[in-house]
Structure formats: structure tokens, C-alpha cells
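Quick look at structure30.txt (compact mmCIF, C-alpha atoms):
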# COMPACT_ATOMS: atom_id res chain seq x y z
CA MET P 1 150.86 35.71 90.59
CA THR P 2 153.98 35.00 92.63
CA THR P 3 153.92 36.81 95.93
CA ALA P 4 156.84 38.11 97.92
CA THR P 5 158.12 36.36 101.03
CA PRO P 6 156.35 37.88 104.07
CA VAL P 7 158.36 40.26 106.15
CA PRO P 8 159.33 38.61 109.45
CA THR P 9 157.37 41.01 111.60
CA THR P 10 154.20 40.61 113.61
CA PRO P 11 151.27 41.25 111.26
CA ALA P 12 148.89 44.03 112.14
CA ASP P 13 145.53 43.02 113.49
CA PRO P 14 142.63 43.13 110.96
CA PRO P 15 140.90 46.20 112.48
CA HIS P 16 144.16 48.10 112.18
CA ILE P 17 144.54 47.09 108.54
CA ARG P 18 140.94 48.04 107.77
CA ARG P 19 141.40 51.47 109.37
CA ILE P 20 144.51 52.07 107.27
CA ALA P 21 142.69 50.92 104.14
CA TRP P 22 139.92 53.41 104.92
CA ALA P 23 142.47 56.19 105.38
CA SER P 24 144.08 55.44 102.03
CA MET P 25 140.71 55.22 100.28
CA VAL P 26 139.31 58.44 101.78
CA GLY P 27 142.31 60.38 100.51
CA THR P 28 141.94 59.06 96.97
CA SER P 29 138.19 59.74 97.23
CA LEU P 30 138.92 63.40 97.92
CA GLU P 31 141.35 63.46 94.99
CA SER P 32 138.74 61.82 92.77
CA PHE P 33 135.94 64.09 94.01
CA ASP P 34 138.04 67.15 93.19
CA PHE P 35 138.88 65.74 89.76
CA TYR P 36 135.31 64.83 88.82
CA VAL P 37 133.82 68.03 90.19
CA PHE P 38 136.13 69.96 87.93
CA ALA P 39 135.55 67.51 85.05
CA TYR P 40 131.75 67.92 85.21
CA PHE P 41 132.17 71.60 85.89
CA SER P 42 134.51 72.11 82.92
CA ALA P 43 132.21 70.29 80.51
CA PHE P 44 129.43 72.84 81.07
CA PHE P 45 130.47 75.87 83.10
CA VAL P 46 134.21 76.69 82.85
CA GLY P 47 133.96 78.02 79.30
CA PRO P 48 131.02 80.41 79.81
CA LEU P 49 132.10 81.52 83.30
CA PHE P 50 135.83 82.05 82.81
CA PHE P 51 136.56 82.05 79.06
CA ASP P 52 133.43 83.69 77.64
CA PRO P 53 135.20 85.87 75.00
CA LEU P 54 136.63 82.74 73.33
CA GLY P 55 133.22 81.56 72.13
CA GLU P 56 131.57 78.16 72.56
CA PHE P 57 134.20 75.95 70.88
CA GLY P 58 137.14 78.03 72.13
CA GLY P 59 135.71 78.02 75.65
CA THR P 60 135.31 74.23 75.55
CA LEU P 61 138.92 73.79 74.42
CA ALA P 62 140.10 76.18 77.14
CA ALA P 63 138.06 74.30 79.74
CA PHE P 64 139.50 70.93 78.74
CA SER P 65 142.95 72.53 78.62
CA THR P 66 142.63 73.46 82.29
CA ILE P 67 142.03 69.77 82.98
CA ALA P 68 145.14 68.89 80.99
CA LEU P 69 147.18 71.59 82.74
CA ALA P 70 146.92 69.88 86.13
CA PHE P 71 148.24 66.70 84.55
CA VAL P 72 151.15 68.46 82.84
CA VAL P 73 152.60 69.55 86.18
CA ARG P 74 151.69 66.30 87.88
CA PRO P 75 155.06 64.59 87.17
CA ILE P 76 156.79 67.51 88.89
CA GLY P 77 154.64 66.97 91.96
CA ALA P 78 155.31 63.24 91.72
CA ALA P 79 159.07 63.85 91.80
CA ILE P 80 158.77 66.25 94.75
CA PHE P 81 156.39 64.23 96.89
CA GLY P 82 157.91 60.93 95.78
CA HIS P 83 161.23 62.18 97.16
CA MET P 84 159.50 63.15 100.40
CA GLY P 85 157.75 59.79 100.62
CA ASP P 86 160.99 57.83 100.20
CA ARG P 87 163.01 60.10 102.46
CA LEU P 88 160.59 61.39 105.14
CA GLY P 89 157.89 58.72 105.14
CA ARG P 90 154.60 57.75 103.51
CA ARG P 91 152.29 59.12 106.20
CA ALA P 92 153.82 62.62 106.51
CA THR P 93 153.86 63.06 102.75
CA LEU P 94 150.22 62.05 102.38
CA LEU P 95 149.19 64.62 104.97
CA TRP P 96 150.80 67.29 102.79
CA THR P 97 149.27 66.09 99.51
CA VAL P 98 145.70 65.82 100.75
CA GLY P 99 145.98 69.17 102.57
CA ILE P 100 147.19 71.03 99.50
CA MET P 101 144.57 69.43 97.27
CA GLY P 102 141.67 70.24 99.60
CA VAL P 103 142.66 73.88 100.10
CA ALA P 104 143.23 74.48 96.37
CA THR P 105 139.86 72.95 95.49
CA GLY P 106 138.07 75.04 98.09
CA LEU P 107 139.67 78.23 96.75
CA ILE P 108 138.37 77.51 93.24
CA GLY P 109 134.89 77.92 94.73
CA LEU P 110 135.79 81.48 95.72
CA LEU P 111 137.13 82.66 92.34
CA PRO P 112 135.49 85.58 90.51
CA THR P 113 134.04 84.84 87.06
CA TYR P 114 134.90 86.70 83.85
CA ALA P 115 131.76 88.81 84.23
CA GLN P 116 132.88 89.84 87.73
CA ALA P 117 136.61 90.45 87.26
CA GLY P 118 137.59 89.86 83.65
CA TRP P 119 140.54 87.52 83.13
CA LEU P 120 141.52 87.63 86.81
CA GLY P 121 139.34 84.62 87.61
CA ALA P 122 140.78 82.64 84.69
CA VAL P 123 144.33 83.37 85.88
CA GLY P 124 143.42 82.27 89.41
CA LEU P 125 141.82 79.12 88.03
CA VAL P 126 144.95 78.25 86.08
CA LEU P 127 147.18 78.80 89.12
CA LEU P 128 144.99 76.67 91.39
CA ARG P 129 144.89 73.92 88.79
CA VAL P 130 148.70 73.94 88.83
CA VAL P 131 148.66 73.58 92.64
CA GLN P 132 146.14 70.75 92.38
CA GLY P 133 148.29 69.02 89.80
CA LEU P 134 151.39 69.19 92.00
CA SER P 135 149.57 67.67 94.98
CA LEU P 136 147.96 65.01 92.81
CA GLY P 137 151.42 63.87 91.81
CA GLY P 138 152.14 62.48 95.26
CA GLU P 139 148.71 61.25 96.35
CA TRP P 140 148.06 58.04 94.43
CA GLY P 141 151.40 56.30 94.94
CA GLY P 142 151.40 57.08 98.65
CA SER P 143 147.85 55.80 99.11
CA ILE P 144 148.73 52.51 97.43
CA LEU P 145 151.80 52.09 99.65
CA LEU P 146 149.89 53.03 102.78
CA ALA P 147 147.52 50.13 102.10
CA THR P 148 150.00 47.54 100.81
CA GLU P 149 152.93 48.14 103.17
CA HIS P 150 150.73 47.64 106.22
CA SER P 151 149.08 44.48 104.86
CA ASN P 152 150.11 40.85 104.71
CA PRO P 153 151.99 40.35 101.40
CA VAL P 154 149.71 37.41 100.62
CA LYS P 155 146.75 39.83 100.48
CA ARG P 156 148.69 42.72 99.00
CA ALA P 157 146.93 42.69 95.62
CA PHE P 158 143.54 43.00 97.34
CA TYR P 159 144.61 45.88 99.58
CA ALA P 160 146.21 47.61 96.59
CA ALA P 161 142.73 47.69 95.06
CA ILE P 162 141.10 49.43 98.06
CA PRO P 163 142.49 52.93 97.32
CA GLN P 164 141.13 52.50 93.78
CA LEU P 165 137.63 52.68 95.28
CA GLY P 166 138.31 56.39 95.65
CA SER P 167 137.62 56.92 91.95
CA PRO P 168 134.00 55.64 91.93
CA VAL P 169 133.36 57.16 95.37
CA GLY P 170 134.50 60.55 94.14
CA SER P 171 132.55 60.13 90.92
CA ILE P 172 129.38 59.16 92.80
CA LEU P 173 129.66 62.03 95.28
CA SER P 174 130.30 64.65 92.62
CA ALA P 175 127.66 63.34 90.20
CA ALA P 176 125.06 62.97 92.97
CA LEU P 177 125.78 66.50 94.10
CA PHE P 178 125.26 67.90 90.63
CA ILE P 179 122.08 65.83 90.19
CA ILE P 180 120.66 67.27 93.41
CA MET P 181 121.67 70.76 92.35
CA THR P 182 119.95 70.42 88.97
CA LEU P 183 116.79 69.25 90.72
CA VAL P 184 116.80 71.99 93.35
CA LEU P 185 118.24 74.95 91.46
CA PRO P 186 117.36 76.37 88.03
CA ALA P 187 120.18 76.45 85.48
CA GLU P 188 120.67 80.19 85.79
CA GLU P 189 121.15 79.90 89.56
CA ILE P 190 123.72 77.13 89.14
CA ALA P 191 125.61 79.28 86.65
CA ALA P 192 125.31 82.32 88.92
CA TRP P 193 126.49 80.85 92.23
CA GLY P 194 125.51 77.17 92.64
CA TRP P 195 128.64 75.92 90.84
CA ARG P 196 130.70 77.08 93.84
CA ILE P 197 129.07 74.60 96.26
CA PRO P 198 130.88 71.41 95.12
CA PHE P 199 134.27 73.10 95.41
CA LEU P 200 133.60 74.50 98.86
CA LEU P 201 132.51 71.05 100.06
CA ALA P 202 136.11 69.90 99.57
CA ILE P 203 136.98 71.64 102.87
CA PRO P 204 134.96 69.33 105.19
CA LEU P 205 136.12 66.33 103.14
CA LEU P 206 139.67 67.53 103.68
CA LEU P 207 139.20 67.65 107.46
CA VAL P 208 137.96 64.04 107.49
CA SER P 209 140.93 62.92 105.38
CA LEU P 210 143.43 64.70 107.61
CA TYR P 211 141.92 63.17 110.75
CA LEU P 212 142.06 59.63 109.37
CA ARG P 213 145.61 59.94 108.13
CA TRP P 214 146.84 61.64 111.28
CA SER P 215 145.53 58.74 113.35
CA ILE P 216 147.59 56.02 111.65
CA ASP P 217 151.23 55.01 111.97
CA GLU P 218 154.06 54.95 109.44
CA THR P 219 154.28 51.75 107.38
CA PRO P 220 156.45 48.89 108.71
CA VAL P 221 158.23 48.67 105.36
CA PHE P 222 159.43 52.27 105.49
CA LYS P 223 160.48 51.85 109.11
CA GLU P 224 162.58 48.88 108.02
CA VAL P 225 164.18 50.92 105.22
CA VAL P 226 165.13 53.61 107.73
CA ALA P 227 166.40 51.12 110.33
CA GLU P 228 168.63 49.40 107.76
CA GLY P 229 169.96 52.67 106.35
CA ARG P 230 168.72 51.96 102.83
CA ARG P 231 167.20 55.34 101.94
CA ASP P 232 168.51 56.79 98.69
CA ARG P 233 169.82 60.33 98.64
CA VAL P 234 167.98 60.99 95.35
CA PRO P 235 165.39 58.21 94.85
CA PHE P 236 164.16 59.86 91.63
CA ALA P 237 167.56 59.25 90.01
CA THR P 238 167.94 55.76 91.49
CA MET P 239 164.69 54.49 90.03
CA PHE P 240 165.72 55.41 86.48
CA GLN P 241 169.12 53.87 87.03
CA LYS P 242 167.83 50.62 88.56
CA ARG P 243 164.40 50.04 86.92
CA PRO P 244 164.06 51.95 83.60
CA VAL P 245 162.16 49.13 81.85
CA ALA P 246 159.84 48.67 84.83
CA ILE P 247 158.98 52.38 84.71
CA LEU P 248 157.97 52.13 81.05
CA ILE P 249 155.85 49.07 81.82
CA ALA P 250 154.16 50.81 84.76
CA ILE P 251 153.34 53.85 82.62
CA GLY P 252 151.80 51.70 79.91
CA ALA P 253 149.83 49.60 82.41
CA ALA P 254 148.22 52.75 83.85
CA MET P 255 147.10 54.22 80.52
CA LEU P 256 143.72 52.50 80.22
CA GLY P 257 142.64 52.92 83.84
CA ILE P 258 143.37 56.64 83.82
CA GLY P 259 142.53 57.50 80.24
CA SER P 260 139.19 55.66 80.19
CA TYR P 261 137.93 57.68 83.16
CA SER P 262 138.88 60.91 81.42
CA LEU P 263 137.17 59.71 78.25
CA MET P 264 133.99 58.34 79.84
CA ASN P 265 133.43 60.87 82.61
CA THR P 266 134.64 64.06 80.94
CA TYR P 267 134.52 63.86 77.15
CA THR P 268 131.53 61.49 76.90
CA ILE P 269 129.54 63.75 79.23
CA ASN P 270 130.17 66.72 76.95
CA TYR P 271 129.74 64.68 73.74
CA GLY P 272 126.52 63.09 74.98
CA ALA P 273 124.95 66.46 75.75
CA ALA P 274 126.29 68.50 72.83
CA GLU P 275 126.12 65.96 70.00
CA LEU P 276 123.81 63.11 71.01
CA GLY P 277 121.09 65.12 72.73
CA PHE P 278 121.18 63.57 76.20
CA SER P 279 120.23 65.74 79.14
CA PHE P 280 122.92 66.66 81.67
CA GLN P 281 120.89 64.93 84.38
CA ASP P 282 120.59 61.66 82.41
CA LEU P 283 124.33 61.63 81.82
CA LEU P 284 125.07 62.12 85.52
CA ILE P 285 122.57 59.41 86.52
CA ALA P 286 124.20 56.95 84.11
CA THR P 287 127.64 57.84 85.44
CA THR P 288 126.46 57.36 89.02
CA ILE P 289 124.99 53.92 88.23
CA GLY P 290 128.31 52.88 86.75
CA GLY P 291 130.16 54.20 89.79
CA LEU P 292 127.91 52.33 92.22
CA LEU P 293 128.61 49.08 90.41
CA GLN P 294 132.36 49.71 90.65
CA LEU P 295 132.08 49.79 94.45
CA VAL P 296 131.37 46.07 94.18
CA THR P 297 133.59 45.12 91.24
CA ILE P 298 136.83 46.79 92.39
CA PRO P 299 137.18 44.68 95.59
CA LEU P 300 136.18 41.58 93.61
CA PHE P 301 138.84 42.28 91.00
CA GLY P 302 141.34 42.89 93.82
CA ALA P 303 140.50 39.50 95.32
CA TRP P 304 140.84 37.94 91.88
CA ALA P 305 144.28 39.54 91.55
CA ASN P 306 145.28 37.73 94.77
CA ARG P 307 144.45 34.45 93.04
CA ILE P 308 145.80 34.86 89.49
CA GLY P 309 148.11 37.88 89.71
CA SER P 310 147.64 41.61 89.25
CA ALA P 311 149.23 41.66 85.78
CA ARG P 312 146.78 39.06 84.50
CA VAL P 313 143.77 41.00 85.76
CA VAL P 314 145.08 44.19 84.13
CA ALA P 315 145.57 42.27 80.87
CA TRP P 316 142.06 40.79 80.94
CA GLY P 317 140.56 44.24 81.49
CA ALA P 318 142.53 45.73 78.60
CA LEU P 319 141.63 42.88 76.24
CA GLY P 320 137.94 43.06 77.13
CA THR P 321 137.86 46.82 76.65
CA LEU P 322 139.56 46.51 73.26
CA LEU P 323 136.92 44.04 72.10
CA ILE P 324 133.86 46.07 73.14
CA THR P 325 135.09 49.57 72.27
CA PHE P 326 133.61 50.05 68.81
CA PRO P 327 130.35 48.11 69.37
CA MET P 328 129.78 50.25 72.49
CA TYR P 329 130.16 53.58 70.71
CA PHE P 330 128.16 52.34 67.72
CA LEU P 331 125.19 51.66 70.00
CA LEU P 332 125.61 54.95 71.86
CA GLN P 333 124.73 56.95 68.73
CA PHE P 334 121.12 55.71 68.98
CA ALA P 335 120.83 57.95 72.05
CA THR P 336 118.46 56.04 74.30
CA PHE P 337 118.82 56.14 78.08
CA PRO P 338 119.12 52.33 78.51
CA ILE P 339 121.95 52.27 75.97
CA LEU P 340 123.60 55.18 77.77
CA VAL P 341 123.45 53.33 81.09
CA GLY P 342 124.73 50.15 79.47
CA THR P 343 127.62 52.08 77.95
CA MET P 344 128.61 53.56 81.29
CA ILE P 345 128.37 50.13 82.97
CA ILE P 346 130.15 48.01 80.37
CA GLY P 347 132.55 50.76 79.40
CA GLY P 348 133.27 51.22 83.10
CA ILE P 349 133.57 47.65 84.37
CA LEU P 350 136.10 46.34 81.85
CA PRO P 351 138.59 49.21 82.25
CA THR P 352 137.94 48.93 85.99
CA MET P 353 139.57 45.49 85.93
CA SER P 354 142.79 47.14 84.77
CA TRP P 355 142.28 49.97 87.26
CA ALA P 356 141.63 47.73 90.28
CA ALA P 357 144.77 45.64 89.79
CA LEU P 358 147.06 48.52 88.77
CA GLY P 359 148.43 49.23 92.25
CA GLY P 360 149.35 45.58 92.79
CA LEU P 361 151.07 45.39 89.41
CA MET P 362 153.15 48.50 90.07
CA ASN P 363 153.95 47.50 93.64
CA ASP P 364 155.54 44.28 92.37
CA LEU P 365 157.86 46.12 89.98
CA PHE P 366 159.86 48.30 92.39
CA PRO P 367 161.90 47.83 95.59
CA ASP P 368 160.90 49.56 98.82
CA HIS P 369 163.62 52.22 99.01
CA PHE P 370 162.41 54.14 95.92
CA ARG P 371 158.92 52.65 95.54
CA TYR P 372 157.06 55.87 96.41
CA SER P 373 158.96 57.81 93.73
CA ALA P 374 158.59 55.05 91.15
CA LEU P 375 154.84 54.58 91.63
CA SER P 376 154.16 58.31 91.75
CA VAL P 377 156.22 59.26 88.71
CA SER P 378 155.02 56.34 86.58
CA TYR P 379 151.40 57.03 87.43
CA ALA P 380 151.84 60.78 86.96
CA ILE P 381 153.31 60.40 83.48
CA ALA P 382 150.43 58.15 82.48
CA ALA P 383 148.00 60.63 84.05
CA THR P 384 149.59 63.47 82.07
CA VAL P 385 148.86 61.63 78.84
CA GLY P 386 145.40 60.75 80.15
CA GLY P 387 144.74 64.39 80.96
CA PHE P 388 144.90 65.20 77.26
CA VAL P 389 142.37 62.51 76.33
CA PRO P 390 139.33 64.85 76.37
CA LEU P 391 141.25 67.50 74.42
CA VAL P 392 142.52 65.02 71.80
CA THR P 393 139.10 63.38 71.49
CA VAL P 394 137.25 66.65 70.98
CA ALA P 395 139.80 67.67 68.35
CA LEU P 396 139.36 64.29 66.65
CA GLY P 397 135.61 64.69 66.83
CA GLU P 398 135.79 68.15 65.26
CA ALA P 399 138.04 66.82 62.47
CA THR P 400 135.75 63.86 61.68
CA GLY P 401 132.44 65.64 62.04
CA TYR P 402 131.81 63.75 65.29
CA VAL P 403 131.37 60.44 63.49
CA TRP P 404 130.29 57.71 65.94
CA TRP P 405 133.62 55.84 66.05
CA HIS P 406 135.90 58.75 66.90
CA PRO P 407 135.97 58.13 70.73
CA GLY P 408 136.50 54.42 70.03
CA ILE P 409 139.81 55.17 68.33
CA VAL P 410 141.12 56.76 71.51
CA LEU P 411 139.83 54.02 73.82
CA ALA P 412 141.21 51.27 71.55
CA VAL P 413 144.68 52.81 71.58
CA LEU P 414 144.64 53.10 75.38
CA SER P 415 143.51 49.46 75.67
CA ALA P 416 146.22 48.17 73.33
CA VAL P 417 149.00 50.01 75.17
CA THR P 418 147.86 48.65 78.55
CA LEU P 419 147.46 45.12 77.17
CA VAL P 420 151.07 45.08 75.92
CA ALA P 421 152.35 46.56 79.20
CA ALA P 422 150.46 44.02 81.31
CA TRP P 423 151.83 41.19 79.14
CA ALA P 424 155.35 42.53 79.78
CA ALA P 425 154.71 42.98 83.51
CA ALA P 426 153.63 39.35 83.79
CA ARG P 427 157.11 38.36 82.64
CA MET P 428 159.03 40.67 84.96
CA PRO P 429 160.60 39.34 88.18
CA VAL P 430 158.54 40.26 91.24
CA VAL P 431 160.43 42.47 93.67
CA PRO P 432 160.00 41.45 97.35
CA GLU P 433 157.85 43.65 99.58
CA SER P 434 160.86 44.67 101.66
CA GLY P 435 164.39 43.62 102.44
CA ASP P 436 167.31 43.25 100.04
CA PRO P 437 166.39 45.51 97.10
CA GLU P 438 168.37 43.38 94.65
CA GLN P 439 166.56 40.14 95.61
CA GLN P 440 163.94 39.07 93.07
CA LEU P 441 161.41 36.30 92.80
CA GLU P 442 160.35 34.29 89.76
CA PRO P 443 158.42 35.94 86.90
CA GLN P 444 154.64 35.70 86.98
CA ALA P 445 152.78 33.28 84.77
CA ALA P 446 152.15 34.97 81.45
CA GLY P 447 149.11 36.33 79.68
CA PRO P 448 145.43 36.70 80.37
CA THR P 449 144.39 33.20 81.34
CA ALA P 450 141.50 32.13 83.51
Would you mind writing the file out in C-alpha cells?
Amino acid sequence: MTTATPVPTTPADPPHIRRIAWASMVGTSLESFDFYVFAYFSAFFVGPLFFDPLGEFGGTLAAFSTIALAFVVRPIGAAIFGHMGDRLGRRATLLWTVGIMGVATGLIGLLPTYAQAGWLGAVGLVLLRVVQGLSLGGEWGGSILLATEHSNPVKRAFYAAIPQLGSPVGSILSAALFIIMTLVLPAEEIAAWGWRIPFLLAIPLLLVSLYLRWSIDETPVFKEVVAEGRRDRVPFATMFQKRPVAILIAIGAAMLGIGSYSLMNTYTINYGAAELGFSFQDLLIATTIGGLLQLVTIPLFGAWANRIGSARVVAWGALGTLLITFPMYFLLQFATFPILVGTMIIGGILPTMSWAALGGLMNDLFPDHFRYSALSVSYAIAATVGGFVPLVTVALGEATGYVWWHPGIVLAVLSAVTLVAAWAAARMPVVPESGDPEQQLEPQAAGPTA
């Protein structure tokens, strides 16, 4: 993958870069923890606790709809915080996003259930999910830029992968927490009060995130944009005017990485327990094993992206996922624990290739003066579609009698969209890390090649 010409500034020392990478990753870990806590929570507890009068199927649909709701408003948050990030700075904006997310998640742990206050708790849940969705809109793009705009452009693809570690970290923390709770507390105690614990734990995680982000400096790239007077008055409008095709490509490239997590860690959890007969604990253990493996594979895929290009790595991940989708779900119907673990590993690693290299791919598509808006909005639109994946898959399952291949249809479509987008991204000119926004480098070498 062609890399941009390094900015003629003194590179930060490695400890400084590592500290910034940690700060970006911890923020995305909190975001991911909040998402997965609610995902696991919604699969089993949201319906009975907040939507009990709707019945089992209606409660499940309502629970998955609350997941989708946060994604519906996410593009609005992306536009708001993207504007802040391109006008006020990456660091200041990220302090706001992580603060709002942590407080909203903590408040969910204080909500009354339907048995305690009728529909009041459900209304509060919906409102807090809206707040979470708005803050989520500005978190991912800013975390990617915090890591990449401090790093040497030669290693940019690797550092763009570091914030992506937040997804498995958040998944591991939330799954491990629920595993411990199921071992320590009986089911009735979890339903009575134990479900509040994971949400309240977001508060100390928030304090750690705020400390790390407060301790770092603004990115050199944004400082250069300010010094040269290149900030746009309305970056949201500029990005559609200057890079409409790149936005479509970025949205498509993000579909598999986002949608597969929603499918594997939300719908498959519910499907595995309700239809295949797995225990909740077995499902969480399998998910945790897959997440632990991703802690190793994401940096490796980031390093690989430095060598062959982010677009190629995304394409390889999409192609591999497309090929294994239906065999994977065919085997899952036999409902043995080793097959379940294998599904979570294989079905996690291949989409993780696309996920790990996504930040580098997007970073190369947009110039610095509206990059925060472009990354945030593109990712948020893809996340909005991905937020409906559990809802669409459960509806498809209901319509087909939960035949074994119904989740494979969804995963195959996501893989195909990302494969086409990555192929297109590989042929787009690479925008330089900073400097003249109209300057472009040569297109990347095409296609998934070794």
C-alpha cells in the first residue's frame, strides 16, 4: 500500500506514541464494553425486565430494537462530534464522547424495571440509548485519528489497528463479568439486581479513560491544519462535496467488521441459547476465547497492512469470511461445544482482518481538514446498518423456521459488500497524511494478493 510522504516534523518518541495508542484503545474499549454489556444484557434480560407485557418474542424484538436505536441516532452524533473534532480538535472532542458514554451507561444500571415502575424504566432506557448512540458517533473516528496522526506515516496502518483492540477487550471484559456473575449468583438474583453491576462498572472505566486522554496532547496534524488556516466552516458539507465516492467506499468497507460483531456476539448468543440449546455460560466462554485470540491477531493484521496495504487486508478478510460462512453455520447446528468455540474463532478471525485494517483504509481516503467528520459519519452510517443485523436476522429466522443457513445469508451479504468496497478502495488515490488537501498519491495495488 502506498504511504503518504511523512510530515516534516520531529517524530514523537516511541513511549509517547505508545501512551497515545493506549489512550485511543482504552476509549474504544469502554465503548465496546458498553456495547457488549448491553448486547449480552438485551439477549436475555431487557425483554423480561423492561418489556414484559410484550411477551417472549415481542420482548426479544423490543430488546434488539433498543440496540438498533442507538445506531439510528449515531450518524447525528457523528455529524456533531465530527464537526467538533475538525473545528476544536481531536483530543477535546474525545473527552466529551467518552464522558457522555460512561455516564449514560452508568445510569442504565440505576433504571427501575417494569415490575418496579411500569413503562418508566423502558422510557429511560430508550432515552439513555439515544444518548449513548450520539456519543458513539464521535468516538471511533477520533480514536483512529488520535493514534494515526501522532504516529509516523510509515507505521500508520499498524497504529490504526490499535484502537480496534477495544472491541475484543470490551467483549472479553463484559463476557468475563457475566461468566463470573453466573458462577457466583443464581439466575433469579442476576435478574433481580445483578444485571446492574456491569453498567455501574462503566463509571470507574470512564475515570481511567478520562485520565489517559487528559494527559495527552493534540495531534500534530490538527495543529498544522489550524496553523495553516485550513479548517472548514462546515466540514460535514465539505466532505460530501469533495469526497462523495470515498464516503460510499468507506461505508461499504466497514460493513463486515461492524455487522459481523453484531451477528456473532448478539444474535448468535441468543440463537445459540434459544434454538440450539447451548448454555448461556458456554456461549460466553466461546465468545471470550475468540476475543482473546483477537488480541493477538489484530496487531498482526495491522502489521500486515503496513506491508501490503490496508485495503488488501480488508479484502482478504471479506473474501475469507464469504467462503466459510455457510460451512460454519452448517456445523453450528450440531450444537457441540468444540464446534461452538471453532465457530467463534474462525467466524471472528476472518472478519477481524477487515476490522483491523479498516481505520487505515479510511484514513487514506480523506484529507486532514475534514477527516474526523468523514471517518465518523462513514463509520456511523455503516454502524447504523449493522445495528439492525440482529433484528433482521431474528426476523429472517422466524420467517424460515430458524433453518441453519439463515444467519449465513446475512453474513454473506455483509462480506460481499465489504469485498467490493475494499477492491474499490485499493484503486483510489491515497490522500497524504497532512498538507495540501488536493495533493494525492498513486492508487494502491489492486485486489487481495499475497
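Compared by their closest atoms to P:Pro204, and using all atoms listed in the file, the residues P:Val103, P:Ala383, P:Ile20, P:Met428 rank with P:Val103 nearest.
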Which one is closest to P:Gly106: P:Met181, P:Val72, P:Leu207, P:Val420? Count only C-alpha atoms.
P:Leu207
Quick one: which stretch 130-227 of chain P residues come within 8 Å of stretch 297-316 of chain P, and what is the nearest atom pair for each with the distance in Å to one decimal, counting only C-alpha atoms, rows ordered by chain and ascending number, as a Markdown table?
| residue | atom | partner | partner_atom | distance |
| --- | --- | --- | --- | --- |
| P:Val154 | CA | P:Asn306 | CA | 7.3 |
| P:Lys155 | CA | P:Asn306 | CA | 6.3 |
| P:Arg156 | CA | P:Asn306 | CA | 7.4 |
| P:Ala157 | CA | P:Asn306 | CA | 5.3 |
| P:Phe158 | CA | P:Gly302 | CA | 4.2 |
| P:Tyr159 | CA | P:Gly302 | CA | 7.3 |
| P:Ala160 | CA | P:Gly302 | CA | 7.3 |
| P:Ala161 | CA | P:Gly302 | CA | 5.1 |
| P:Ile162 | CA | P:Pro299 | CA | 6.6 |
| P:Gln164 | CA | P:Ile298 | CA | 7.3 |
| P:Leu165 | CA | P:Ile298 | CA | 6.6 |
Of P:Arg243, P:Arg213, P:Arg427, P:Arg231, the one sitting nearest P:Met84 when using only C-alpha atoms is P:Arg231
Take the point (162.6, 51.3, 106.0) in the file's coordinates, draw a sphere of radius 10 Å around it, and report as a PyMOL selection string every protein, DNA or RNA residue with an atom inside or on it, counting only C-alpha atoms.
chain P and resi 86-87+89+218-231+368-369+434-435
Step by step, gather every atom of stretch 100-107 of chain P that the file lists, find the box along x, y and z that holds them, add 8 Å on each side, and finally give centre and edge lengths in Å to one decimal, as JSON.
{"center_x": 142.6, "center_y": 73.8, "center_z": 97.8, "size_x": 25.1, "size_y": 24.8, "size_z": 20.6}
So, counting only C-alpha atoms, which residue among P:Leu323, P:Ala21, P:Ile345, P:Val73 is closest to P:Gly290?
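Residue with the minimum atom-to-atom distance to P:Gly290: P:Ile345.
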Neighbours of point (128.2, 57.0, 87.2) within 8 Å, using all atoms listed in the file, written as number ranges by chain
P: 168, 171-172, 175, 265, 284-292, 344
Using the selection just defined, write its residues with C-alpha atoms as a PDB file, in the coordinates of the input.
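File written: selection25.pdb
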ATOM      1  CA  PRO P 168     134.000  55.640  91.930  1.00  0.00           C
ATOM      2  CA  SER P 171     132.550  60.130  90.920  1.00  0.00           C
ATOM      3  CA  ILE P 172     129.380  59.160  92.800  1.00  0.00           C
ATOM      4  CA  ALA P 175     127.660  63.340  90.200  1.00  0.00           C
ATOM      5  CA  ASN P 265     133.430  60.870  82.610  1.00  0.00           C
ATOM      6  CA  LEU P 284     125.070  62.120  85.520  1.00  0.00           C
ATOM      7  CA  ILE P 285     122.570  59.410  86.520  1.00  0.00           C
ATOM      8  CA  ALA P 286     124.200  56.950  84.110  1.00  0.00           C
ATOM      9  CA  THR P 287     127.640  57.840  85.440  1.00  0.00           C
ATOM     10  CA  THR P 288     126.460  57.360  89.020  1.00  0.00           C
ATOM     11  CA  ILE P 289     124.990  53.920  88.230  1.00  0.00           C
ATOM     12  CA  GLY P 290     128.310  52.880  86.750  1.00  0.00           C
ATOM     13  CA  GLY P 291     130.160  54.200  89.790  1.00  0.00           C
ATOM     14  CA  LEU P 292     127.910  52.330  92.220  1.00  0.00           C
ATOM     15  CA  MET P 344     128.610  53.560  81.290  1.00  0.00           C
TER      16      MET P 344
END
One number please: atom CA of P:Ser260 to atom CA of P:Phe64, in Å, one decimal.
15.3 Å
Just give me the gap between atom CA of P:Arg129 and atom CA of P:Ile108 in Å, one decimal is fine.
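We find that atom CA of P:Arg129 and atom CA of P:Ile108 lie 8.7 Å from each other.
When only C-alpha atoms are used to measure the gap to P:Ala63, the shortest distance among P:Tyr267, P:Trp193, P:Tyr402, P:Phe236 belongs to P:Tyr267.
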